[in-house]
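For reference, protein28.tsv (TSV, C-alpha atoms and all ligand atoms):
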```tsv
chain	number	residue	atom	x	y	z
A	1	MET	CA	13.12	-8.82	-11.64
A	2	LYS	CA	10.98	-8.30	-8.54
A	3	LYS	CA	11.35	-10.52	-5.50
A	4	VAL	CA	8.37	-12.52	-4.24
A	5	PHE	CA	8.10	-12.81	-0.45
A	6	CYS	CA	5.91	-15.80	0.44
A	7	ILE	CA	4.56	-15.65	3.98
A	8	GLY	CA	2.95	-18.50	5.90
A	9	GLU	CA	3.33	-22.08	6.95
A	10	LEU	CA	5.84	-24.79	6.18
A	11	LEU	CA	5.03	-28.15	7.72
A	12	ILE	CA	5.42	-31.89	7.45
A	13	ASP	CA	2.66	-33.80	5.70
A	14	PHE	CA	2.77	-37.43	6.78
A	15	VAL	CA	0.87	-38.97	3.90
A	16	ALA	CA	-0.69	-42.39	4.54
A	17	GLU	CA	0.62	-45.10	2.22
A	18	ASN	CA	-1.91	-47.39	0.56
A	19	GLN	CA	-4.64	-45.02	-0.48
A	20	GLY	CA	-7.87	-44.99	1.47
A	21	LYS	CA	-9.60	-42.19	3.29
A	22	ASP	CA	-9.92	-43.77	6.72
A	23	LEU	CA	-6.94	-42.42	8.64
A	24	SER	CA	-7.67	-44.70	11.61
A	25	LYS	CA	-6.66	-47.67	9.44
A	26	ALA	CA	-3.44	-46.18	8.07
A	27	LYS	CA	-0.29	-48.06	9.09
A	28	GLU	CA	2.55	-46.41	7.22
A	29	PHE	CA	3.19	-42.81	6.33
A	30	SER	CA	5.69	-41.07	4.11
A	31	LYS	CA	7.20	-37.75	5.08
A	32	LYS	CA	6.57	-34.85	2.67
A	33	ALA	CA	7.10	-31.12	2.82
A	34	GLY	CA	3.82	-29.21	2.91
A	35	GLY	CA	2.42	-25.73	3.37
A	36	ALA	CA	0.90	-23.73	0.54
A	37	PRO	CA	3.05	-20.56	0.79
A	38	ALA	CA	6.19	-22.72	0.89
A	39	ASN	CA	5.00	-24.60	-2.21
A	40	VAL	CA	4.42	-21.26	-3.94
A	41	SER	CA	7.95	-20.09	-3.09
A	42	CYS	CA	9.33	-23.29	-4.67
A	43	ALA	CA	7.09	-22.95	-7.74
A	44	ILE	CA	8.51	-19.45	-8.34
A	45	SER	CA	12.16	-20.36	-7.94
A	46	LYS	CA	11.80	-23.52	-10.05
A	47	LEU	CA	10.66	-21.25	-12.88
A	48	GLY	CA	13.64	-18.95	-12.50
A	49	GLY	CA	12.02	-16.33	-10.24
A	50	GLU	CA	13.43	-14.94	-7.00
A	51	SER	CA	11.45	-16.07	-3.98
A	52	LEU	CA	11.91	-15.69	-0.24
A	53	PHE	CA	10.09	-17.72	2.35
A	54	ILE	CA	8.99	-16.15	5.64
A	55	GLY	CA	7.72	-18.74	8.09
A	56	CYS	CA	8.64	-20.68	11.21
A	57	VAL	CA	9.64	-24.31	11.78
A	58	GLY	CA	10.78	-26.13	14.91
A	59	ASP	CA	14.44	-26.32	15.85
A	60	ASP	CA	14.28	-30.08	15.28
A	61	PRO	CA	15.13	-32.62	12.54
A	62	PHE	CA	11.81	-32.00	10.76
A	63	GLY	CA	12.50	-28.28	10.61
A	64	THR	CA	15.98	-29.00	9.25
A	65	PHE	CA	14.46	-31.34	6.62
A	66	LEU	CA	11.96	-28.71	5.48
A	67	LEU	CA	14.39	-25.82	5.22
A	68	ARG	CA	16.83	-28.04	3.33
A	69	ILE	CA	14.15	-28.77	0.72
A	70	LEU	CA	13.48	-25.06	0.19
A	71	GLU	CA	17.19	-24.37	0.01
A	72	ASN	CA	17.63	-27.11	-2.61
A	73	GLU	CA	14.93	-25.41	-4.66
A	74	LYS	CA	16.94	-22.15	-4.41
A	75	VAL	CA	14.38	-20.37	-2.25
A	76	ASP	CA	15.97	-17.70	-0.05
A	77	ILE	CA	15.41	-18.94	3.52
A	78	SER	CA	17.42	-16.24	5.27
A	79	SER	CA	14.20	-14.82	6.81
A	80	ALA	CA	12.82	-18.18	7.92
A	81	GLN	CA	12.66	-18.62	11.70
A	82	LYS	CA	13.16	-21.54	14.09
A	83	SER	CA	11.36	-21.96	17.38
A	84	ASP	CA	11.65	-24.29	20.39
A	85	THR	CA	8.17	-25.61	19.62
A	86	PHE	CA	8.03	-28.75	17.44
A	87	THR	CA	7.57	-28.41	13.68
A	88	THR	CA	3.91	-28.40	12.65
A	89	LEU	CA	2.71	-31.85	11.51
A	90	ALA	CA	-0.28	-32.95	9.46
A	91	PHE	CA	-1.26	-36.61	9.01
A	92	VAL	CA	-3.17	-37.04	5.78
A	93	SER	CA	-4.93	-39.85	3.97
A	94	ILE	CA	-6.23	-39.47	0.44
A	95	ASP	CA	-8.61	-41.85	-1.33
A	96	ALA	CA	-8.69	-42.61	-5.05
A	97	ASP	CA	-11.09	-39.68	-5.67
A	98	GLY	CA	-8.77	-37.24	-3.93
A	99	GLU	CA	-10.96	-37.06	-0.78
A	100	ARG	CA	-8.89	-36.31	2.31
A	101	ASP	CA	-8.96	-37.07	5.98
A	102	PHE	CA	-6.47	-35.42	8.26
A	103	VAL	CA	-5.23	-34.82	11.77
A	104	PHE	CA	-3.38	-31.59	12.35
A	105	SER	CA	-0.85	-31.02	15.12
A	106	ARG	CA	-0.07	-27.34	15.08
A	107	GLY	CA	3.38	-26.37	16.32
A	108	ALA	CA	6.04	-23.89	15.29
A	109	ASP	CA	4.29	-22.37	12.25
A	110	LYS	CA	2.07	-20.26	14.51
A	111	GLU	CA	5.06	-18.69	16.23
A	112	LEU	CA	6.34	-16.55	13.38
A	113	THR	CA	7.31	-13.15	14.73
A	114	TYR	CA	7.36	-9.85	12.89
A	115	ASP	CA	10.70	-8.85	11.38
A	116	SER	CA	10.81	-5.07	10.98
A	117	SER	CA	14.02	-5.27	8.94
A	118	LEU	CA	12.04	-6.70	6.02
A	119	LYS	CA	9.86	-3.61	5.61
A	120	SER	CA	12.31	-1.71	3.43
A	121	ARG	CA	12.78	-4.80	1.23
A	122	PHE	CA	9.10	-4.99	0.33
A	123	GLU	CA	9.26	-1.77	-1.63
A	124	ASN	CA	8.43	-2.42	-5.31
A	125	ASN	CA	8.40	-6.16	-4.68
A	126	ILE	CA	5.64	-8.76	-4.28
A	127	LEU	CA	4.15	-10.16	-1.05
A	128	HIS	CA	2.15	-13.35	-1.26
A	129	PHE	CA	-0.04	-14.40	1.67
A	130	GLY	CA	-1.42	-17.92	1.97
A	131	ALA	CA	-3.84	-18.17	4.83
A	132	ALA	CA	-4.40	-21.88	5.53
A	133	THR	CA	-3.16	-21.78	9.13
A	134	ALA	CA	-2.27	-18.10	9.51
A	135	LEU	CA	-5.77	-16.95	10.39
A	136	LEU	CA	-6.18	-19.64	13.06
A	137	GLY	CA	-4.55	-17.40	15.65
A	138	GLY	CA	-1.19	-17.47	17.41
A	139	SER	CA	1.41	-14.78	16.92
A	140	LEU	CA	1.45	-15.76	13.22
A	141	GLU	CA	-1.92	-14.06	12.74
A	142	GLU	CA	-0.72	-10.84	14.36
A	143	THR	CA	2.49	-11.01	12.33
A	144	TYR	CA	0.46	-11.54	9.17
A	145	ASN	CA	-1.64	-8.48	9.81
A	146	ARG	CA	1.45	-6.36	10.45
A	147	TYR	CA	3.05	-7.50	7.20
A	148	LEU	CA	-0.19	-6.82	5.33
A	149	PHE	CA	-0.46	-3.21	6.47
A	150	ASP	CA	3.27	-2.52	6.27
A	151	GLY	CA	3.54	-4.15	2.88
A	152	ILE	CA	0.91	-1.81	1.52
A	153	THR	CA	2.64	1.30	2.78
A	154	LYS	CA	5.82	0.30	1.01
A	155	ASN	CA	4.31	0.24	-2.48
A	156	ALA	CA	4.36	-3.52	-2.77
A	157	PHE	CA	2.17	-5.71	-4.93
A	158	ILE	CA	-0.03	-7.86	-2.67
A	159	SER	CA	-1.30	-11.32	-3.57
A	160	PHE	CA	-3.66	-13.44	-1.46
A	161	ASP	CA	-4.79	-17.07	-1.51
A	162	PRO	CA	-7.21	-17.97	1.31
A	163	ASN	CA	-6.27	-21.68	1.16
A	164	TYR	CA	-9.57	-22.61	2.81
A	165	ARG	CA	-9.52	-26.00	4.54
A	166	VAL	CA	-13.00	-27.21	5.45
A	167	ASP	CA	-11.78	-29.26	8.42
A	168	LEU	CA	-9.91	-26.37	10.01
A	169	TRP	CA	-12.89	-24.00	9.90
A	170	LYS	CA	-15.85	-26.32	10.58
A	171	ASN	CA	-18.65	-24.31	12.26
A	172	LYS	CA	-16.41	-21.21	12.17
A	173	GLU	CA	-16.86	-20.28	8.51
A	174	ASP	CA	-18.10	-16.79	9.47
A	175	VAL	CA	-14.83	-16.17	11.38
A	176	PHE	CA	-12.82	-17.27	8.36
A	177	ILE	CA	-14.79	-14.93	6.10
A	178	ARG	CA	-14.37	-11.99	8.48
A	179	LYS	CA	-10.62	-12.60	8.80
A	180	CYS	CA	-10.09	-12.93	5.04
A	181	HIS	CA	-11.88	-9.73	4.06
A	182	PRO	CA	-9.07	-7.28	4.97
A	183	TYR	CA	-6.72	-9.36	2.80
A	184	ILE	CA	-9.11	-9.21	-0.15
A	185	GLU	CA	-9.50	-5.46	0.34
A	186	LYS	CA	-5.74	-4.84	0.38
A	187	SER	CA	-4.70	-7.27	-2.37
A	188	HIS	CA	-4.03	-6.43	-6.00
A	189	LEU	CA	-4.44	-10.09	-6.92
A	190	CYS	CA	-6.60	-12.76	-5.25
A	191	LYS	CA	-6.65	-16.42	-6.18
A	192	PHE	CA	-9.71	-18.41	-5.15
A	193	SER	CA	-10.99	-21.91	-5.71
A	194	LEU	CA	-14.66	-22.16	-6.69
A	195	GLU	CA	-15.61	-22.99	-3.10
A	196	GLU	CA	-13.60	-20.07	-1.70
A	197	ALA	CA	-15.03	-17.59	-4.19
A	198	GLN	CA	-18.58	-18.57	-3.26
A	199	LEU	CA	-17.92	-18.67	0.46
A	200	LEU	CA	-16.07	-15.36	0.67
A	201	SER	CA	-18.38	-13.39	-1.64
A	202	GLY	CA	-21.67	-14.92	-0.46
A	203	LYS	CA	-22.60	-15.42	-4.14
A	204	ASP	CA	-23.06	-18.69	-6.04
A	205	ASN	CA	-22.77	-16.98	-9.40
A	206	LEU	CA	-19.11	-16.36	-10.22
A	207	ASP	CA	-19.67	-13.12	-12.15
A	208	GLU	CA	-21.49	-11.74	-9.13
A	209	ALA	CA	-18.74	-13.06	-6.86
A	210	CYS	CA	-16.09	-11.23	-8.93
A	211	GLN	CA	-18.18	-8.07	-8.76
A	212	VAL	CA	-18.15	-8.30	-4.94
A	213	PHE	CA	-14.37	-8.76	-4.86
A	214	HIS	CA	-13.74	-5.89	-7.29
A	215	GLU	CA	-15.93	-3.64	-5.14
A	216	MET	CA	-13.82	-4.67	-2.15
A	217	GLY	CA	-10.74	-3.42	-4.00
A	218	THR	CA	-9.06	-6.41	-5.70
A	219	GLN	CA	-7.98	-5.60	-9.24
A	220	ILE	CA	-7.18	-9.06	-10.58
A	221	ILE	CA	-9.26	-12.07	-9.55
A	222	VAL	CA	-8.46	-15.61	-10.63
A	223	ILE	CA	-10.82	-18.44	-9.75
A	224	THR	CA	-9.25	-21.84	-10.42
A	225	LEU	CA	-11.67	-24.47	-11.68
A	226	GLY	CA	-9.57	-27.64	-11.87
A	227	SER	CA	-9.78	-29.31	-15.29
A	228	GLU	CA	-12.12	-26.51	-16.45
A	229	GLY	CA	-9.31	-23.95	-16.30
A	230	THR	CA	-9.45	-20.53	-14.66
A	231	LEU	CA	-11.84	-17.61	-14.57
A	232	LEU	CA	-9.88	-14.36	-14.91
A	233	SER	CA	-11.59	-11.10	-14.02
A	234	THR	CA	-10.46	-7.47	-13.97
A	235	ALA	CA	-12.53	-4.28	-13.97
A	236	ASN	CA	-12.38	-4.32	-17.81
A	237	PHE	CA	-12.98	-7.93	-18.79
A	238	SER	CA	-13.85	-11.42	-17.56
A	239	LYS	CA	-13.12	-14.73	-19.29
A	240	THR	CA	-12.52	-18.39	-18.61
A	241	ILE	CA	-9.14	-19.58	-19.84
A	242	PRO	CA	-9.13	-23.33	-20.50
A	243	SER	CA	-6.54	-25.62	-19.04
A	244	ILE	CA	-4.64	-28.27	-20.95
A	245	LYS	CA	-5.69	-31.93	-21.01
A	246	VAL	CA	-3.77	-34.19	-18.64
A	247	THR	CA	-4.29	-37.46	-16.85
A	248	PRO	CA	-4.17	-36.38	-13.21
A	249	LYS	CA	-2.67	-38.62	-10.52
A	250	ASP	CA	-2.68	-36.22	-7.57
A	251	THR	CA	-4.00	-32.64	-7.57
A	252	THR	CA	-2.04	-31.61	-4.43
A	253	GLY	CA	-0.20	-28.38	-5.12
A	254	ALA	CA	-1.90	-27.56	-8.44
A	255	GLY	CA	-3.27	-24.31	-7.04
A	256	ASP	CA	0.15	-23.41	-5.61
A	257	ALA	CA	1.86	-24.17	-8.92
A	258	PHE	CA	-0.74	-21.98	-10.63
A	259	ILE	CA	-0.32	-18.91	-8.41
A	260	GLY	CA	3.47	-19.39	-8.24
A	261	CYS	CA	3.71	-19.40	-12.03
A	262	LEU	CA	1.45	-16.35	-12.31
A	263	LEU	CA	3.48	-14.39	-9.73
A	264	GLN	CA	6.76	-15.41	-11.34
A	265	GLN	CA	5.53	-13.88	-14.61
A	266	ILE	CA	4.25	-10.72	-12.93
A	267	SER	CA	7.62	-10.39	-11.19
A	268	GLN	CA	9.26	-9.93	-14.60
A	269	HIS	CA	7.42	-6.63	-15.14
A	270	SER	CA	8.58	-3.43	-13.52
A	271	LYS	CA	5.12	-1.86	-13.55
A	272	PHE	CA	2.04	-3.74	-12.38
A	273	GLU	CA	-0.19	-1.18	-14.15
A	274	ASN	CA	1.24	-2.37	-17.49
A	275	VAL	CA	0.19	-5.95	-16.73
A	276	LEU	CA	-3.27	-4.91	-15.60
A	277	ALA	CA	-3.88	-2.79	-18.70
A	278	ASP	CA	-2.86	-5.50	-21.16
A	279	GLU	CA	-5.64	-8.07	-21.57
A	280	LYS	CA	-3.64	-10.25	-23.96
A	281	LEU	CA	-0.59	-10.33	-21.69
A	282	LEU	CA	-2.67	-11.23	-18.64
A	283	THR	CA	-4.57	-13.90	-20.57
A	284	ASN	CA	-1.31	-15.49	-21.72
A	285	MET	CA	0.05	-15.41	-18.19
A	286	VAL	CA	-3.00	-17.25	-16.86
A	287	ALA	CA	-2.84	-19.80	-19.70
A	288	ARG	CA	0.79	-20.51	-18.74
A	289	ALA	CA	-0.16	-20.77	-15.07
A	290	ASN	CA	-2.93	-23.23	-16.01
A	291	LYS	CA	-0.28	-25.34	-17.71
A	292	ALA	CA	1.88	-25.26	-14.57
A	293	GLY	CA	-1.13	-26.38	-12.49
A	294	ALA	CA	-1.97	-29.17	-14.93
A	295	ILE	CA	1.60	-30.52	-15.06
A	296	THR	CA	1.67	-30.65	-11.24
A	297	THR	CA	-1.31	-33.02	-11.21
A	298	GLU	CA	0.54	-35.57	-13.32
A	299	ASN	CA	2.73	-36.75	-10.44
A	300	PHE	CA	2.31	-37.49	-6.74
A	301	GLY	CA	3.27	-34.88	-4.16
A	302	ALA	CA	3.48	-31.10	-4.29
A	303	ILE	CA	7.01	-29.66	-4.44
A	304	GLU	CA	8.48	-32.59	-6.37
A	305	SER	CA	5.73	-32.27	-9.01
A	306	LEU	CA	6.10	-28.53	-9.65
A	307	PRO	CA	7.27	-27.91	-13.21
A	308	THR	CA	10.67	-26.60	-14.16
A	309	LEU	CA	11.05	-23.91	-16.81
A	310	GLN	CA	12.03	-26.59	-19.36
A	311	GLN	CA	8.92	-28.68	-18.65
A	312	LEU	CA	6.70	-25.64	-18.90
A	313	ASP	CA	8.23	-24.53	-22.19
A	314	SER	CA	8.20	-27.97	-23.77
B	401	LIG	P1	-5.32	-26.44	-4.19
B	401	LIG	O1	-6.26	-27.48	-3.62
B	401	LIG	O2	-3.94	-26.95	-4.47
B	401	LIG	O3	-5.35	-25.12	-3.46
B	401	LIG	P2	-6.97	-25.24	-6.23
B	401	LIG	O4	-8.32	-25.80	-5.95
B	401	LIG	O5	-6.71	-23.83	-5.93
B	401	LIG	O6	-5.86	-26.18	-5.64
B	401	LIG	P3	-7.12	-26.31	-8.88
B	401	LIG	O7	-8.29	-25.68	-9.50
B	401	LIG	O8	-7.23	-27.73	-8.46
B	401	LIG	O9	-6.59	-25.37	-7.74
B	401	LIG	O10	-5.90	-26.24	-9.88
B	401	LIG	C1	-5.24	-25.05	-10.25
B	401	LIG	C2	-5.10	-24.99	-11.75
B	401	LIG	O11	-4.38	-26.16	-12.19
B	401	LIG	C3	-6.44	-25.01	-12.46
B	401	LIG	O12	-6.94	-23.72	-12.65
B	401	LIG	C4	-6.06	-25.69	-13.78
B	401	LIG	O13	-5.55	-24.76	-14.69
B	401	LIG	C5	-4.95	-26.66	-13.38
B	401	LIG	N1	-5.54	-28.00	-13.13
B	401	LIG	C6	-5.90	-28.53	-11.95
B	401	LIG	N2	-6.45	-29.76	-12.10
B	401	LIG	C7	-6.43	-30.02	-13.43
B	401	LIG	C8	-6.84	-31.12	-14.26
B	401	LIG	N3	-7.40	-32.21	-13.74
B	401	LIG	N4	-6.66	-31.02	-15.59
B	401	LIG	C9	-6.10	-29.93	-16.14
B	401	LIG	N5	-5.69	-28.86	-15.41
B	401	LIG	C10	-5.84	-28.89	-14.09
```
Would you mind writing the file out in structure tokens?
Amino acid sequence: MKKVFCIGELLIDFVAENQGKDLSKAKEFSKKAGGAPANVSCAISKLGGESLFIGCVGDDPFGTFLLRILENEKVDISSAQKSDTFTTLAFVSIDADGERDFVFSRGADKELTYDSSLKSRFENNILHFGAATALLGGSLEETYNRYLFDGITKNAFISFDPNYRVDLWKNKEDVFIRKCHPYIEKSHLCKFSLEEAQLLSGKDNLDEACQVFHEMGTQIIVITLGSEGTLLSTANFSKTIPSIKVTPKDTTGAGDAFIGCLLQQISQHSKFENVLADEKLLTNMVARANKAGAITTENFGAIESLPTLQQLDS
């Protein structure tokens, strides 16, 4: 089994109690672990895969809380770092339609430094990049770029999720696009939402968007479409794989559950080329990942809602 190295942020989401989008009126918050790459690492290990998290938290009680959660989910945190800067915090309110309002206080996540000892461990393994905060600057961005280029040289399988957040990139969309392009060019697998696919390709039509990404070098493209399922595209075929019917309560983490489940399945194969060449296998993998995403929407929160192997098989 291959290891999956998940690189990026781990932070506290203070989620406003009593739903309603207006954060200025929120009185009480509950403390949750957040950060897409960290969610992905948990999704993988919950399904029996081997995942490692590479990110930075503050040397404070919130950092301790976050690392403990990952450890409880059996994620390898031996490469996680702690800094003197406070743990990154996000204050979030969500209304009944899933609309969000948030205030972001960026701390330790941006301070991740490059660890050259990991380079040899990437060989024949998987690197997953989630870019929500990484491309906002700080030494994390430089570290990210170093891992991207080093990861490639060591024959690793590269996966990328842009994790676009409208509020973080308002009026700077062109910068986001420019920063994401090298990741799309170097990745074997890219996962986009509908909005990300259109933004990063400059095409409204999804077939044309996939064409752009394939020309940039990505071999497998998955575009998640919520209750509509997922568009899967390779150089040889393109199809939409339906999701299962659920009654969603909270869609937070569905995309992370999806990509985590897909990577966990890919990690079971010694040769990526075999996965890529087998349409049926890839289709089944995406159908299973759809199921993981759907199950995650049935409960509140991200990590606590990720399915276990038993739930996924039932
Ligand atoms: P995120 O905001 O977490 O990054 P995303 O936009 O990338 O999420 P979604 O499309 O919301 O991802 O969800 C990922 C997958 O989960 C979908 O492709 C689908 O298979 C499944 N899923 C999500 N929402 C639903 C739903 N309401 N009903 C059924 N399946 C769903």
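Distance annotation: of A:Gln310, A:Lys21, A:Ile69, A:Tyr114, the residue with the minimal separation from Glu99 in chain A is A:Lys21; atom set is all atoms listed in the file.
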**Request:** Give as a PyMOL selection string the residues surrounding ligand LIG 401 (chain B) up to a distance of 9 Å, considering all atoms listed in the file.
**Result:** chain A and resi 36+161-165+191-196+222-231+241-259+286-298+302
Go ahead and write the selection's residues with C-alpha atoms as a short mmCIF file (atom, residue, chain, number, x, y, z; two decimals), in the frame of the given file.
```cif
data_model
loop_
_atom_site.label_atom_id
_atom_site.label_comp_id
_atom_site.auth_asym_id
_atom_site.auth_seq_id
_atom_site.Cartn_x
_atom_site.Cartn_y
_atom_site.Cartn_z
CA ALA A 36 0.90 -23.73 0.54
CA ASP A 161 -4.79 -17.07 -1.51
CA PRO A 162 -7.21 -17.97 1.31
CA ASN A 163 -6.27 -21.68 1.16
CA TYR A 164 -9.57 -22.61 2.81
CA ARG A 165 -9.52 -26.00 4.54
CA LYS A 191 -6.65 -16.42 -6.18
CA PHE A 192 -9.71 -18.41 -5.15
CA SER A 193 -10.99 -21.91 -5.71
CA LEU A 194 -14.66 -22.16 -6.69
CA GLU A 195 -15.61 -22.99 -3.10
CA GLU A 196 -13.60 -20.07 -1.70
CA VAL A 222 -8.46 -15.61 -10.63
CA ILE A 223 -10.82 -18.44 -9.75
CA THR A 224 -9.25 -21.84 -10.42
CA LEU A 225 -11.67 -24.47 -11.68
CA GLY A 226 -9.57 -27.64 -11.87
CA SER A 227 -9.78 -29.31 -15.29
CA GLU A 228 -12.12 -26.51 -16.45
CA GLY A 229 -9.31 -23.95 -16.30
CA THR A 230 -9.45 -20.53 -14.66
CA LEU A 231 -11.84 -17.61 -14.57
CA ILE A 241 -9.14 -19.58 -19.84
CA PRO A 242 -9.13 -23.33 -20.50
CA SER A 243 -6.54 -25.62 -19.04
CA ILE A 244 -4.64 -28.27 -20.95
CA LYS A 245 -5.69 -31.93 -21.01
CA VAL A 246 -3.77 -34.19 -18.64
CA THR A 247 -4.29 -37.46 -16.85
CA PRO A 248 -4.17 -36.38 -13.21
CA LYS A 249 -2.67 -38.62 -10.52
CA ASP A 250 -2.68 -36.22 -7.57
CA THR A 251 -4.00 -32.64 -7.57
CA THR A 252 -2.04 -31.61 -4.43
CA GLY A 253 -0.20 -28.38 -5.12
CA ALA A 254 -1.90 -27.56 -8.44
CA GLY A 255 -3.27 -24.31 -7.04
CA ASP A 256 0.15 -23.41 -5.61
CA ALA A 257 1.86 -24.17 -8.92
CA PHE A 258 -0.74 -21.98 -10.63
CA ILE A 259 -0.32 -18.91 -8.41
CA VAL A 286 -3.00 -17.25 -16.86
CA ALA A 287 -2.84 -19.80 -19.70
CA ARG A 288 0.79 -20.51 -18.74
CA ALA A 289 -0.16 -20.77 -15.07
CA ASN A 290 -2.93 -23.23 -16.01
CA LYS A 291 -0.28 -25.34 -17.71
CA ALA A 292 1.88 -25.26 -14.57
CA GLY A 293 -1.13 -26.38 -12.49
CA ALA A 294 -1.97 -29.17 -14.93
CA ILE A 295 1.60 -30.52 -15.06
CA THR A 296 1.67 -30.65 -11.24
CA THR A 297 -1.31 -33.02 -11.21
CA GLU A 298 0.54 -35.57 -13.32
CA ALA A 302 3.48 -31.10 -4.29
#
```
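The space separating CA of Lys3 in chain A from CA of Leu309 in chain A comes to 17.5 Å.
As for CA of Asp22 in chain A and CA of Gly301 in chain A, they are spaced 19.3 Å apart.
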**Request:** Could you check which of A:Asp150, A:Glu17, A:Glu73, A:Glu28 is closest to Val40 in chain A, using all atoms listed in the file?
**Result:**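 Checking each candidate against Val40 in chain A, we get A:Glu73 as the closest.
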**Nearby residues, (6.6, -30.7, 18.1) file frame, 7 Å, only C-alpha atoms, as a list in words** =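 The residues near that point, listed by chain and number, are Gly58, Thr85, Phe86, Thr87, Thr88 and Gly107 of chain A.
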Selection from above, C-alpha atoms, as a CSV table (one decimal), in the frame of the given file, can you write it?
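Output file part.csv follows:
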```
chain,number,residue,atom,x,y,z
A,58,GLY,CA,10.8,-26.1,14.9
A,85,THR,CA,8.2,-25.6,19.6
A,86,PHE,CA,8.0,-28.8,17.4
A,87,THR,CA,7.6,-28.4,13.7
A,88,THR,CA,3.9,-28.4,12.6
A,107,GLY,CA,3.4,-26.4,16.3
```
**Prompt:** Could you work out how far CA of Thr308 in chain A lies from CA of Lys46 in chain A, giving the answer in Å with one decimal?
**Reply:**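 Straight-line distance from CA of Lys46 in chain A to CA of Thr308 in chain A works out to 5.3 Å.
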Counting only C-alpha atoms, which residues of range 113-133 of chain A fall within 9 Å of range 265-285 of chain A, and what is the closest atom pair for each with its distance in Å at one decimal, ordered by chain and rising number, as JSON lines?
```
{"residue": "A:Asn124", "atom": "CA", "partner": "A:Ser270", "partner_atom": "CA", "distance": 8.3}
{"residue": "A:Asn125", "atom": "CA", "partner": "A:Ser267", "partner_atom": "CA", "distance": 7.8}
{"residue": "A:Ile126", "atom": "CA", "partner": "A:Ser267", "partner_atom": "CA", "distance": 7.4}
```
**Shell of 9 Å around Lys203 in chain A, all atoms listed in the file, local chain residues under 6 positions omitted, as a list in words** =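 Here the qualifying residues turn out to be Ala197, Ala209 and Val212 of chain A.
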**Complete:** Closest of A:Asp167, A:Asp313, A:Glu142, A:Glu111 to Lys82 in chain A, counting all atoms listed in the file, is A:Glu111
**Item:** Counting only C-alpha atoms, the option among A:Ser41, A:Asp109, A:Phe65, A:Ala26 closest to Leu127 in chain A
**Value:**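 Nearest candidate to Leu127 in chain A out of A:Ser41, A:Asp109, A:Phe65, A:Ala26: A:Ser41.
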**Request:** Please provide as number ranges by chain all residues within 10 Å of His181 in chain A, with the sequence filter that same-chain residues fewer than 5 positions apart are discarded (counting all atoms listed in the file).
**Result:** A: 162, 176, 186-187, 200-201, 213, 216
**Prompt:** Looking at only C-alpha atoms, which of A:Ala80, A:Cys190, A:Leu140, A:Ala16 is the one that sits closest to Asp59 in chain A?
**Reply:**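 Of all the options, A:Ala80 lies closest to Asp59 in chain A.
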**Message:** Quick one: residues within 12 Å of Gly138 in chain A, all atoms listed in the file, excluding same-chain residues fewer than 4 positions away - as a ChimeraX atom specification?
**Reply:** /A:106-113,133-134,142-145
Could the residues in this selection be saved with C-alpha atoms as a PDB file, keeping the file's coordinate frame?
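For reference, selection18.pdb as written:
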```pdb
ATOM      1  CA  ARG A 106      -0.070 -27.340  15.080  1.00  0.00           C
ATOM      2  CA  GLY A 107       3.380 -26.370  16.320  1.00  0.00           C
ATOM      3  CA  ALA A 108       6.040 -23.890  15.290  1.00  0.00           C
ATOM      4  CA  ASP A 109       4.290 -22.370  12.250  1.00  0.00           C
ATOM      5  CA  LYS A 110       2.070 -20.260  14.510  1.00  0.00           C
ATOM      6  CA  GLU A 111       5.060 -18.690  16.230  1.00  0.00           C
ATOM      7  CA  LEU A 112       6.340 -16.550  13.380  1.00  0.00           C
ATOM      8  CA  THR A 113       7.310 -13.150  14.730  1.00  0.00           C
ATOM      9  CA  THR A 133      -3.160 -21.780   9.130  1.00  0.00           C
ATOM     10  CA  ALA A 134      -2.270 -18.100   9.510  1.00  0.00           C
ATOM     11  CA  GLU A 142      -0.720 -10.840  14.360  1.00  0.00           C
ATOM     12  CA  THR A 143       2.490 -11.010  12.330  1.00  0.00           C
ATOM     13  CA  TYR A 144       0.460 -11.540   9.170  1.00  0.00           C
ATOM     14  CA  ASN A 145      -1.640  -8.480   9.810  1.00  0.00           C
TER      15      ASN A 145
END
```
Can you tell me, as JSON, the centre and edge lengths (Å, one decimal) of the axis-aligned box enclosing all of range 4-23 of chain A's listed atoms after padding each side by 4 Å?
```
{"center_x": -0.8, "center_y": -30.0, "center_z": 2.2, "size_x": 26.3, "size_y": 42.9, "size_z": 20.9}
```
Quick one: residues within 8 Å of Val103 in chain A, all atoms listed in the file counted, chain neighbours fewer than 2 positions away excluded, as an mmCIF file with C-alpha atoms, in the frame of the given file?
```
data_model
loop_
_atom_site.group_PDB
_atom_site.id
_atom_site.type_symbol
_atom_site.label_atom_id
_atom_site.label_comp_id
_atom_site.auth_asym_id
_atom_site.auth_seq_id
_atom_site.Cartn_x
_atom_site.Cartn_y
_atom_site.Cartn_z
ATOM 1 C CA ALA A 90 -0.280 -32.950 9.460
ATOM 2 C CA PHE A 91 -1.260 -36.610 9.010
ATOM 3 C CA VAL A 92 -3.170 -37.040 5.780
ATOM 4 C CA ASP A 101 -8.960 -37.070 5.980
ATOM 5 C CA SER A 105 -0.850 -31.020 15.120
#
```
**Message:** Give me, as an MDAnalysis selection string, all polymer residues having an atom no more than 12 Å from Leu118 in chain A, counting all atoms listed in the file and skipping those fewer than 5 positions away in the same chain.
**Reply:** chainID A and resid 5 7 52:54 78:80 113 123 125 127 146:147 150:151 154
